[in-house]
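J.: My structure is in work.cif, and what it holds is mmCIF, C-alpha atoms and all ligand atoms:
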data_final
#
loop_
_atom_site.group_PDB
_atom_site.id
_atom_site.type_symbol
_atom_site.label_atom_id
_atom_site.label_comp_id
_atom_site.auth_asym_id
_atom_site.auth_seq_id
_atom_site.Cartn_x
_atom_site.Cartn_y
_atom_site.Cartn_z
ATOM 1 C CA MET A 1 -19.465 -17.094 17.589
ATOM 2 C CA THR A 2 -21.105 -18.104 14.345
ATOM 3 C CA ARG A 3 -22.840 -14.971 13.144
ATOM 4 C CA ALA A 4 -20.891 -12.305 11.280
ATOM 5 C CA VAL A 5 -21.363 -9.106 9.296
ATOM 6 C CA LEU A 6 -19.400 -8.854 6.043
ATOM 7 C CA SER A 7 -18.857 -5.820 3.859
ATOM 8 C CA LEU A 8 -18.431 -6.318 0.116
ATOM 9 C CA GLY A 9 -16.882 -3.872 -2.335
ATOM 10 C CA SER A 10 -15.847 -3.821 -5.997
ATOM 11 C CA ASN A 11 -14.689 -1.103 -8.382
ATOM 12 C CA LEU A 12 -13.033 -3.036 -11.215
ATOM 13 C CA GLY A 13 -14.498 -5.194 -13.987
ATOM 14 C CA ASP A 14 -17.891 -6.838 -13.535
ATOM 15 C CA ARG A 15 -18.578 -5.139 -10.204
ATOM 16 C CA LEU A 16 -22.072 -6.529 -9.712
ATOM 17 C CA GLY A 17 -20.983 -10.007 -10.806
ATOM 18 C CA PHE A 18 -18.208 -10.036 -8.193
ATOM 19 C CA LEU A 19 -20.608 -9.048 -5.412
ATOM 20 C CA ARG A 20 -23.045 -11.700 -6.620
ATOM 21 C CA SER A 21 -20.292 -14.330 -6.539
ATOM 22 C CA VAL A 22 -20.133 -13.885 -2.764
ATOM 23 C CA VAL A 23 -23.875 -14.015 -2.224
ATOM 24 C CA ASP A 24 -24.160 -17.105 -4.444
ATOM 25 C CA GLY A 25 -21.199 -18.774 -2.729
ATOM 26 C CA LEU A 26 -22.591 -18.212 0.756
ATOM 27 C CA GLY A 27 -25.761 -20.085 -0.156
ATOM 28 C CA ALA A 28 -27.796 -21.082 2.897
ATOM 29 C CA HIS A 29 -25.361 -19.294 5.241
ATOM 30 C CA LEU A 30 -26.582 -15.922 4.000
ATOM 31 C CA ALA A 31 -29.041 -14.543 6.556
ATOM 32 C CA ALA A 32 -29.576 -11.073 5.045
ATOM 33 C CA VAL A 33 -28.152 -8.902 2.288
ATOM 34 C CA SER A 34 -28.522 -5.179 1.695
ATOM 35 C CA SER A 35 -29.295 -3.310 -1.482
ATOM 36 C CA VAL A 36 -26.367 -2.494 -3.728
ATOM 37 C CA TYR A 37 -24.973 1.027 -3.227
ATOM 38 C CA GLU A 38 -22.814 3.033 -5.614
ATOM 39 C CA THR A 39 -20.294 4.947 -3.552
ATOM 40 C CA ALA A 40 -17.618 7.554 -4.151
ATOM 41 C CA PRO A 41 -14.165 6.213 -3.251
ATOM 42 C CA TRP A 42 -12.662 7.115 0.117
ATOM 43 C CA GLY A 43 -8.983 6.747 1.004
ATOM 44 C CA VAL A 44 -7.664 6.969 -2.543
ATOM 45 C CA GLU A 45 -10.019 9.282 -4.403
ATOM 46 C CA ASP A 46 -8.677 9.016 -7.972
ATOM 47 C CA GLN A 47 -10.254 5.654 -8.727
ATOM 48 C CA PRO A 48 -13.636 4.488 -10.060
ATOM 49 C CA ASP A 49 -16.752 4.453 -7.889
ATOM 50 C CA PHE A 50 -17.416 1.298 -5.887
ATOM 51 C CA LEU A 51 -20.410 -0.920 -5.622
ATOM 52 C CA ASN A 52 -20.831 -1.799 -1.937
ATOM 53 C CA ALA A 53 -23.177 -4.049 0.008
ATOM 54 C CA VAL A 54 -23.302 -5.633 3.462
ATOM 55 C CA CYS A 55 -24.474 -9.099 4.383
ATOM 56 C CA VAL A 56 -25.195 -10.972 7.589
ATOM 57 C CA VAL A 57 -24.002 -14.565 7.595
ATOM 58 C CA ASP A 58 -24.503 -17.469 9.955
ATOM 59 C CA ASP A 59 -22.711 -20.802 10.156
ATOM 60 C CA PRO A 60 -22.257 -22.803 13.362
ATOM 61 C CA ALA A 61 -19.217 -24.489 11.800
ATOM 62 C CA ARG A 62 -17.260 -21.265 11.116
ATOM 63 C CA ASP A 63 -15.331 -19.183 13.648
ATOM 64 C CA GLU A 64 -13.873 -15.720 12.914
ATOM 65 C CA TRP A 65 -10.765 -17.131 11.201
ATOM 66 C CA ALA A 66 -12.919 -19.297 8.991
ATOM 67 C CA TRP A 67 -14.905 -16.206 7.982
ATOM 68 C CA LEU A 68 -11.636 -14.433 7.093
ATOM 69 C CA ARG A 69 -10.540 -17.409 4.985
ATOM 70 C CA THR A 70 -13.949 -17.513 3.337
ATOM 71 C CA GLY A 71 -13.701 -13.842 2.372
ATOM 72 C CA GLN A 72 -10.161 -14.278 1.058
ATOM 73 C CA ALA A 73 -11.228 -17.287 -1.028
ATOM 74 C CA PHE A 74 -13.916 -15.136 -2.682
ATOM 75 C CA GLU A 75 -11.292 -12.428 -3.340
ATOM 76 C CA ARG A 76 -8.930 -14.971 -4.913
ATOM 77 C CA ALA A 77 -11.723 -16.361 -7.079
ATOM 78 C CA ALA A 78 -12.289 -12.798 -8.330
ATOM 79 C CA GLU A 79 -8.591 -12.740 -9.276
ATOM 80 C CA ARG A 80 -8.007 -9.805 -7.027
ATOM 81 C CA VAL A 81 -4.606 -8.183 -7.394
ATOM 82 C CA ARG A 82 -3.511 -6.044 -4.472
ATOM 83 C CA GLU A 83 -1.551 -3.130 -5.875
ATOM 84 C CA ARG A 84 -1.877 -0.417 -3.290
ATOM 85 C CA ARG A 85 -3.635 0.162 -0.001
ATOM 86 C CA TRP A 86 -7.160 1.410 -0.550
ATOM 87 C CA GLY A 87 -6.623 1.145 -4.312
ATOM 88 C CA PRO A 88 -8.964 -0.347 -6.944
ATOM 89 C CA ARG A 89 -9.946 -4.011 -6.665
ATOM 90 C CA THR A 90 -12.255 -6.556 -8.252
ATOM 91 C CA LEU A 91 -13.485 -7.661 -4.853
ATOM 92 C CA ASP A 92 -12.928 -6.740 -1.224
ATOM 93 C CA VAL A 93 -14.524 -8.737 1.554
ATOM 94 C CA ASP A 94 -14.042 -7.240 5.026
ATOM 95 C CA ILE A 95 -15.131 -8.943 8.222
ATOM 96 C CA VAL A 96 -16.956 -6.118 10.004
ATOM 97 C CA THR A 97 -17.913 -8.004 13.182
ATOM 98 C CA VAL A 98 -18.208 -11.550 14.434
ATOM 99 C CA GLU A 99 -20.704 -11.989 17.249
ATOM 100 C CA GLY A 100 -19.004 -12.195 20.635
ATOM 101 C CA VAL A 101 -15.469 -11.734 19.259
ATOM 102 C CA ARG A 102 -12.992 -8.877 19.762
ATOM 103 C CA SER A 103 -9.541 -9.206 18.234
ATOM 104 C CA ALA A 104 -6.412 -7.020 18.226
ATOM 105 C CA ASP A 105 -4.488 -9.426 15.988
ATOM 106 C CA PRO A 106 -3.414 -7.372 12.921
ATOM 107 C CA ALA A 107 -4.311 -10.327 10.699
ATOM 108 C CA LEU A 108 -7.906 -10.081 11.911
ATOM 109 C CA LEU A 109 -8.974 -6.899 13.702
ATOM 110 C CA LEU A 110 -12.479 -7.180 15.144
ATOM 111 C CA PRO A 111 -14.550 -5.214 14.850
ATOM 112 C CA HIS A 112 -12.954 -3.928 11.638
ATOM 113 C CA PRO A 113 -11.399 -0.589 12.724
ATOM 114 C CA GLY A 114 -12.457 1.323 9.604
ATOM 115 C CA THR A 115 -16.156 0.741 10.212
ATOM 116 C CA PRO A 116 -17.113 3.852 12.251
ATOM 117 C CA ASP A 117 -15.731 6.156 9.530
ATOM 118 C CA ARG A 118 -17.194 4.419 6.495
ATOM 119 C CA ALA A 119 -20.660 5.449 5.364
ATOM 120 C CA SER A 120 -20.242 2.848 2.591
ATOM 121 C CA VAL A 121 -20.478 0.176 5.316
ATOM 122 C CA LEU A 122 -22.774 1.881 7.843
ATOM 123 C CA VAL A 123 -25.575 2.752 5.372
ATOM 124 C CA PRO A 124 -26.077 -0.777 3.947
ATOM 125 C CA TRP A 125 -25.636 -2.365 7.377
ATOM 126 C CA LEU A 126 -28.288 -0.109 8.892
ATOM 127 C CA GLU A 127 -30.661 -0.987 6.040
ATOM 128 C CA ILE A 128 -30.688 -4.685 7.015
ATOM 129 C CA GLU A 129 -30.160 -4.280 10.797
ATOM 130 C CA PRO A 130 -31.690 -1.014 12.024
ATOM 131 C CA GLU A 131 -30.864 -1.879 15.660
ATOM 132 C CA ALA A 132 -27.267 -2.990 14.978
ATOM 133 C CA GLU A 133 -24.499 -2.096 17.425
ATOM 134 C CA LEU A 134 -20.800 -1.995 16.628
ATOM 135 C CA PRO A 135 -19.030 -3.500 19.662
ATOM 136 C CA GLY A 136 -17.153 -0.766 21.528
ATOM 137 C CA HIS A 137 -18.744 2.011 19.449
ATOM 138 C CA GLY A 138 -22.491 1.879 20.083
ATOM 139 C CA PRO A 139 -25.436 1.945 17.687
ATOM 140 C CA VAL A 140 -24.701 1.982 13.974
ATOM 141 C CA ALA A 141 -27.453 4.589 13.559
ATOM 142 C CA ALA A 142 -25.561 6.967 15.882
ATOM 143 C CA LEU A 143 -22.271 6.367 14.055
ATOM 144 C CA LEU A 144 -23.976 7.208 10.784
ATOM 145 C CA ALA A 145 -25.618 10.324 12.224
ATOM 146 C CA ALA A 146 -22.138 11.545 13.182
ATOM 147 C CA ARG A 147 -20.819 11.369 9.611
ATOM 148 C CA PRO A 148 -20.583 14.604 7.597
ATOM 149 C CA GLU A 149 -23.392 15.287 5.142
ATOM 150 C CA ALA A 150 -20.985 14.842 2.193
ATOM 151 C CA ASP A 151 -20.296 11.244 3.301
ATOM 152 C CA LEU A 152 -23.975 10.399 3.315
ATOM 153 C CA ALA A 153 -24.442 11.967 -0.129
ATOM 154 C CA SER A 154 -21.575 9.844 -1.498
ATOM 155 C CA VAL A 155 -23.524 6.598 -0.839
ATOM 156 C CA ARG A 156 -26.309 6.142 -3.380
ATOM 157 C CA ARG A 157 -28.726 3.241 -3.255
ATOM 158 C CA THR A 158 -29.203 1.518 -6.637
ATOM 159 C CA THR A 159 -31.972 -0.700 -7.972
ATOM 160 C CA LEU A 160 -29.471 -3.535 -8.538
ATOM 161 C CA THR A 161 -30.111 -6.671 -6.497
ATOM 162 C CA LEU A 162 -27.874 -9.462 -5.290
ATOM 163 C CA ARG A 163 -30.485 -12.196 -4.958
HETATM 164 N N1 LIG A 201 -11.633 -7.507 9.967
HETATM 165 C C1 LIG A 201 -10.867 -7.797 8.902
HETATM 166 N N2 LIG A 201 -11.411 -8.177 7.723
HETATM 167 C C2 LIG A 201 -10.639 -8.462 6.642
HETATM 168 N N3 LIG A 201 -9.284 -8.407 6.655
HETATM 169 C C3 LIG A 201 -8.695 -8.024 7.803
HETATM 170 C C4 LIG A 201 -9.452 -7.709 8.975
HETATM 171 N N4 LIG A 201 -8.574 -7.355 9.980
HETATM 172 C C5 LIG A 201 -7.370 -7.461 9.469
HETATM 173 N N5 LIG A 201 -7.407 -7.875 8.165
HETATM 174 C C6 LIG A 201 -6.222 -8.061 7.345
HETATM 175 O O1 LIG A 201 -6.116 -7.001 6.436
HETATM 176 C C7 LIG A 201 -5.216 -7.431 5.424
HETATM 177 C C8 LIG A 201 -5.298 -6.539 4.195
HETATM 178 O O2 LIG A 201 -6.629 -6.335 3.846
HETATM 179 P P1 LIG A 201 -6.991 -5.465 2.578
HETATM 180 O O3 LIG A 201 -5.946 -5.600 1.518
HETATM 181 O O4 LIG A 201 -8.391 -5.853 2.191
HETATM 182 O O5 LIG A 201 -6.950 -3.969 3.138
HETATM 183 P P2 LIG A 201 -7.662 -2.741 2.499
HETATM 184 O O6 LIG A 201 -9.006 -3.190 2.017
HETATM 185 O O7 LIG A 201 -6.754 -2.114 1.482
HETATM 186 O O8 LIG A 201 -7.866 -1.741 3.710
HETATM 187 P P3 LIG A 201 -8.937 -1.835 4.873
HETATM 188 O O9 LIG A 201 -8.613 -3.071 5.665
HETATM 189 O O10 LIG A 201 -8.748 -0.549 5.631
HETATM 190 O O11 LIG A 201 -10.327 -1.945 4.238
HETATM 191 C C9 LIG A 201 -5.541 -8.887 5.216
HETATM 192 O O12 LIG A 201 -4.355 -9.584 5.004
HETATM 193 C C10 LIG A 201 -6.229 -9.325 6.510
HETATM 194 O O13 LIG A 201 -5.505 -10.346 7.166
HETATM 195 N N1 LIG A 202 -16.497 3.930 -1.433
HETATM 196 C C1 LIG A 202 -15.551 3.020 -1.160
HETATM 197 N N2 LIG A 202 -14.272 3.408 -1.129
HETATM 198 C C2 LIG A 202 -13.315 2.476 -0.876
HETATM 199 C C3 LIG A 202 -13.648 1.135 -0.639
HETATM 200 C C4 LIG A 202 -15.013 0.768 -0.679
HETATM 201 O O1 LIG A 202 -15.378 -0.425 -0.484
HETATM 202 N N3 LIG A 202 -15.937 1.736 -0.932
HETATM 203 N N4 LIG A 202 -12.668 0.218 -0.381
HETATM 204 C C5 LIG A 202 -11.410 0.573 -0.394
HETATM 205 C C6 LIG A 202 -10.383 -0.445 -0.159
HETATM 206 O O2 LIG A 202 -10.469 -1.007 1.080
HETATM 207 C C7 LIG A 202 -10.967 1.949 -0.640
HETATM 208 N N5 LIG A 202 -12.019 2.870 -0.844
#
If you took the structure in this file and wrote it as structure tokens, what would it be?
Ligand SMILES: Nc1ncnc2c1ncn2[C@@H]1O[C@H](COP(=O)(O)OP(=O)(O)OP(=O)(O)O)[C@@H](O)[C@H]1O
Ligand SMILES: Nc1nc2c(c(=O)[nH]1)N=C(CO)CN2
T.:
Amino acid sequence: MTRAVLSLGSNLGDRLGFLRSVVDGLGAHLAAVSSVYETAPWGVEDQPDFLNAVCVVDDPARDEWAWLRTGQAFERAAERVRERRWGPRTLDVDIVTVEGVRSADPALLLPHPGTPDRASVLVPWLEIEPEAELPGHGPVAALLAARPEADLASVRRTTLTLR
């Protein structure tokens, strides 16, 4: 119960700097991090493009709630202001999965229910874990193959790096 997959997103201010703040803050607990992707916004479409990335983290001392608190601490440090659902933000850290954990608690849904529909999560995740499975949904590669072509085209790999 120590390994987790996190999705990172930013579309306000120093987008790359906010993603880097997470990677830097995770330090030795960062097991893998994807490339940075520039992605067209889903949900609310009249907002700037996002930078998105996915990382795999590992810490024997942290359970799923500790990972949620960790993500929220990074969001607070980025002075995130929550104005509307799916609206623009300096930093969003979603807990995609925590190994061996399923949760129906609205404060921490695991796996994150948006994952199967979000190419902005599936593409970077697949890059770092080609064999990944989303619990209850099967291989990430199959979820991605089921997305419409327009979704795939909206996720563009950049040359920016996080470490
Ligand atoms: N797996 C999860 N990861 C992060 N937050 C979660 C998760 N499951 C539930 N939450 C809850 O979601 C709440 C709101 O999250 P947030 O404002 O980031 O939503 P959103 O990014 O607008 O939408 P979405 O959750 O669909 O990406 C948080 O208070 C948190 O407790
Ligand atoms: N492309 C993209 N679109 C989004 C994102 C995101 O991370 N990437 N996050 C949102 C808020 O949860 C709303 N829309």
J.: Can you work out which residues are within 6 Å of ligand LIG 201 (chain A), considering all atoms listed in the file, and then hand them over as a ChimeraX atom specification?
T.: /A:85-86,92,94-96,106-110,112,114
J.: With only C-alpha atoms and all ligand atoms as the atoms that count, which of A:Leu122, A:Leu160, A:Ala78, A:Ala61 lies nearest to ligand LIG 202 (chain A)?
T.: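 Between A:Leu122, A:Leu160, A:Ala78, A:Ala61, the residue approaching ligand LIG 202 (chain A) most closely is A:Leu122.
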J.: Compare A:His137, A:Arg163, A:Arg156, A:Arg62 by their minimum atom-to-atom distance to A:Leu19, counting all atoms listed in the file, and give me the closest one.
T.: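 Closest candidate: A:Arg163.
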J.: Could you check the closest approach to ligand LIG 202 (chain A) for each of A:Leu8, A:Leu26, A:Ala104, A:Leu143 and tell me which residue wins, using all atoms listed in the file?
T.: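 Ranking A:Leu8, A:Leu26, A:Ala104, A:Leu143 by distance to ligand LIG 202 (chain A), first place goes to A:Leu8.
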J.: Select, from A:His29, A:Arg102, A:Arg76, A:Arg89, the residue with the minimum atom-to-atom distance to A:Leu12, counting only C-alpha atoms.
T.: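 Between A:His29, A:Arg102, A:Arg76, A:Arg89, the residue approaching A:Leu12 most closely is A:Arg89.
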J.: One decimal, Å: what's the distance from atom CA of A:Gly43 over to atom CA of A:Gly71, could you say?
T.: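 Distance reported for this atom pair: 21.2 Å.
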